[in-house]
Amino acid sequence: MNIGVDAAALGMANAVTAQTADVNAVYWNPAGLLQLKDKQVGLMHASYFANIAQYDYAAYASPIDSESAWGFSAIRFGVDDILNTTQLIDNQGIIDYNRVSKFSTADYGFSFSYARKSKFNNVRYGANAKIIRRVIGEFANSWGFGFDVGVQYTKKKWEFGLLLRDITTTYNVWSIDEQAYAAVQNSIPNQNQELPESTEITLPKAQLGIARKFNFHTDYSLVTAANFNMEFTKTNDLIASNSLSIAPALGCEFGYTDVVFLRTGFGNFQKSTQVDNSSKMSFQPNIGLGFKYKGIQIDYALTDMGNQSTALYSNIFSVKVDLSSFR
């Protein structure tokens, strides 16, 4: 649930909390759904870890009336056809490849979004109710629930946004197949002797964004945006204290006639300690390209160009369709 969706947003290093205004607002900030003019559908696919893991996303959103809107999204991140070799060696110590089977592990996230205009001018707010489902073959599975709350505010040409993720703390409760666990419990001495914890907790996070769009003549536009992603603990982020850590993200989008878009972004700023105890700052650069024609928009993003050895490096494609174009 932290990776992000939509190649257009990922090309801008996820700095879209303030200006998200389409179907993908169900993920980035549900308050943005109020800027929808009609029903929209969004789809995305990406592969990670040299195509071992598949990441897929689908969303639908629609205005309800002039004051409110709603949306739904589904995310799956999974690794399929993993070899299960726990029974490779039988009780006699004989290797039998017929005892090897396959299983899949997958995480699912489902969100239901609602947004409404505030009684204050240019203020919009929204919320997500999330259901988390995690499955590790037949060995273990879990259910989780959480909520996000977002708000957007427009002041002349400036856009401001705030998203509070997992505001109530998201809990996942695991169910573990104890019979399957007992079969491997003593495979390695002094390891796996106790069942894992049955409760997984995701702590609240906050994302503060600011953006502005500049129009040049009638054909050219430039969107500049910044995000400040906050965790309420100490991390390796660029700005860190014992109670708050902030990771900035910067993005921009150059548009031509609202048809062609070029994007770039810089995010995931981290401080790391080297072997000689010196400190080094690293960041993740992204680029993107988009085309829009008659309500259909196709976007592409290449993430983490500077460090292709990491799992975050990927080619990402997404499609957004305005259903009014088919009427």
# chains A, B, ... in the order shown; residues from 1 in each chain; ligands from 1

call {"tool": "residues_around", "arguments": {"residues": "range 240-249 of chain A", "least_positions_apart": "6", "cutoff": "10 Å", "atoms": "only C-alpha atoms", "output": "MDAnalysis selection string"}}
result
chainID A and resid 12:16 205:209 225:234 265:271 283:285

call {"tool": "residues_around", "arguments": {"residues": "Val223 in chain A", "least_positions_apart": "3", "cutoff": "6 Å", "atoms": "only C-alpha atoms", "output": "NGL selection string"}}
result
:A and (212-213 or 252-253)

call {"tool": "select_by_dssp", "arguments": {"residues": "range 88-321 of chain A", "states": "helix (DSSP H, G or I)", "output": "list in words"}}
result
Tyr97, Asn98, Arg99, Glu178, Gln179, Ala180, Tyr181, Ala182, Ala183 and Val184 of chain A

call {"tool": "write_last_selection", "arguments": {"atoms": "N, CA, C and O atoms", "output": "PDB file, in the first residue's frame"}}
result
ATOM      1  N   TYR A  97      11.933 -35.480  -5.774  1.00  0.00           N
ATOM      2  CA  TYR A  97      11.461 -34.252  -6.407  1.00  0.00           C
ATOM      3  C   TYR A  97       9.958 -34.276  -6.667  1.00  0.00           C
ATOM      4  O   TYR A  97       9.365 -33.229  -6.959  1.00  0.00           O
ATOM      5  N   ASN A  98       9.336 -35.415  -6.597  1.00  0.00           N
ATOM      6  CA  ASN A  98       7.884 -35.485  -6.745  1.00  0.00           C
ATOM      7  C   ASN A  98       7.165 -34.858  -5.550  1.00  0.00           C
ATOM      8  O   ASN A  98       5.963 -34.606  -5.614  1.00  0.00           O
ATOM      9  N   ARG A  99       7.914 -34.639  -4.474  1.00  0.00           N
ATOM     10  CA  ARG A  99       7.321 -34.040  -3.286  1.00  0.00           C
ATOM     11  C   ARG A  99       7.370 -32.507  -3.311  1.00  0.00           C
ATOM     12  O   ARG A  99       6.914 -31.854  -2.385  1.00  0.00           O
ATOM     13  N   GLU A 178      -1.014 -24.329  11.780  1.00  0.00           N
ATOM     14  CA  GLU A 178      -0.075 -24.871  12.756  1.00  0.00           C
ATOM     15  C   GLU A 178       0.440 -26.249  12.349  1.00  0.00           C
ATOM     16  O   GLU A 178       1.555 -26.623  12.698  1.00  0.00           O
ATOM     17  N   GLN A 179      -0.355 -27.006  11.616  1.00  0.00           N
ATOM     18  CA  GLN A 179       0.106 -28.322  11.172  1.00  0.00           C
ATOM     19  C   GLN A 179       1.243 -28.177  10.157  1.00  0.00           C
ATOM     20  O   GLN A 179       2.255 -28.878  10.238  1.00  0.00           O
ATOM     21  N   ALA A 180       1.082 -27.240   9.209  1.00  0.00           N
ATOM     22  CA  ALA A 180       2.139 -27.001   8.228  1.00  0.00           C
ATOM     23  C   ALA A 180       3.371 -26.419   8.902  1.00  0.00           C
ATOM     24  O   ALA A 180       4.509 -26.739   8.537  1.00  0.00           O
ATOM     25  N   TYR A 181       3.159 -25.573   9.914  1.00  0.00           N
ATOM     26  CA  TYR A 181       4.281 -24.985  10.638  1.00  0.00           C
ATOM     27  C   TYR A 181       5.053 -26.053  11.417  1.00  0.00           C
ATOM     28  O   TYR A 181       6.285 -26.058  11.428  1.00  0.00           O
ATOM     29  N   ALA A 182       4.322 -26.981  12.032  1.00  0.00           N
ATOM     30  CA  ALA A 182       4.976 -28.029  12.821  1.00  0.00           C
ATOM     31  C   ALA A 182       5.862 -28.919  11.953  1.00  0.00           C
ATOM     32  O   ALA A 182       6.861 -29.465  12.426  1.00  0.00           O
ATOM     33  N   ALA A 183       5.511 -29.039  10.672  1.00  0.00           N
ATOM     34  CA  ALA A 183       6.293 -29.907   9.783  1.00  0.00           C
ATOM     35  C   ALA A 183       7.682 -29.354   9.514  1.00  0.00           C
ATOM     36  O   ALA A 183       8.593 -30.101   9.150  1.00  0.00           O
ATOM     37  N   VAL A 184       7.879 -28.038   9.668  1.00  0.00           N
ATOM     38  CA  VAL A 184       9.178 -27.431   9.393  1.00  0.00           C
ATOM     39  C   VAL A 184       9.783 -26.790  10.636  1.00  0.00           C
ATOM     40  O   VAL A 184      10.858 -26.204  10.570  1.00  0.00           O
TER      41      VAL A 184
END

call {"tool": "residues_around", "arguments": {"residues": "Thr264 in chain A", "least_positions_apart": "5", "cutoff": "10 Å", "atoms": "only C-alpha atoms", "output": "ChimeraX atom specification"}}
result
/A:8-13,250-254,285-289,301-303

call {"tool": "closest_residue", "arguments": {"among": "A:Gly109, A:Phe261, A:Asn236, A:Ala211", "to": "Trp158 in chain A", "atoms": "only C-alpha atoms"}}
result
A:Ala211

call {"tool": "atom_distance", "arguments": {"atom1": "CA of Ile136 in chain A", "atom2": "CA of Thr105 in chain A"}}
result
4.3 Å

call {"tool": "closest_residue", "arguments": {"among": "A:Gly93, A:Phe110, A:Asn121, A:Ala18", "to": "Ile210 in chain A", "atoms": "only C-alpha atoms"}}
result
A:Ala18

call {"tool": "residues_around", "arguments": {"residues": "range 21-29 of chain A", "least_positions_apart": "6", "cutoff": "7 Å", "atoms": "only C-alpha atoms", "output": "ChimeraX atom specification"}}
result
/A:6,35-36,40-42,59-61,71-73,113,150,163

call {"tool": "atom_distance", "arguments": {"atom1": "CA of Asn172 in chain A", "atom2": "CA of Gly146 in chain A"}}
result
9.2 Å

call {"tool": "residues_around", "arguments": {"residues": "Trp174 in chain A", "least_positions_apart": "6", "cutoff": "8 Å", "atoms": "only C-alpha atoms", "output": "VMD selection string"}}
result
chain A and resid 140 to 143 197 to 200

call {"tool": "atom_distance", "arguments": {"atom1": "CA of Met44 in chain A", "atom2": "CA of Phe317 in chain A"}}
result
5.8 Å

call {"tool": "closest_residue", "arguments": {"among": "A:Pro204, A:Gly32, A:Gly144, A:Trp70", "to": "Asn122 in chain A", "atoms": "only C-alpha atoms"}}
result
A:Gly32
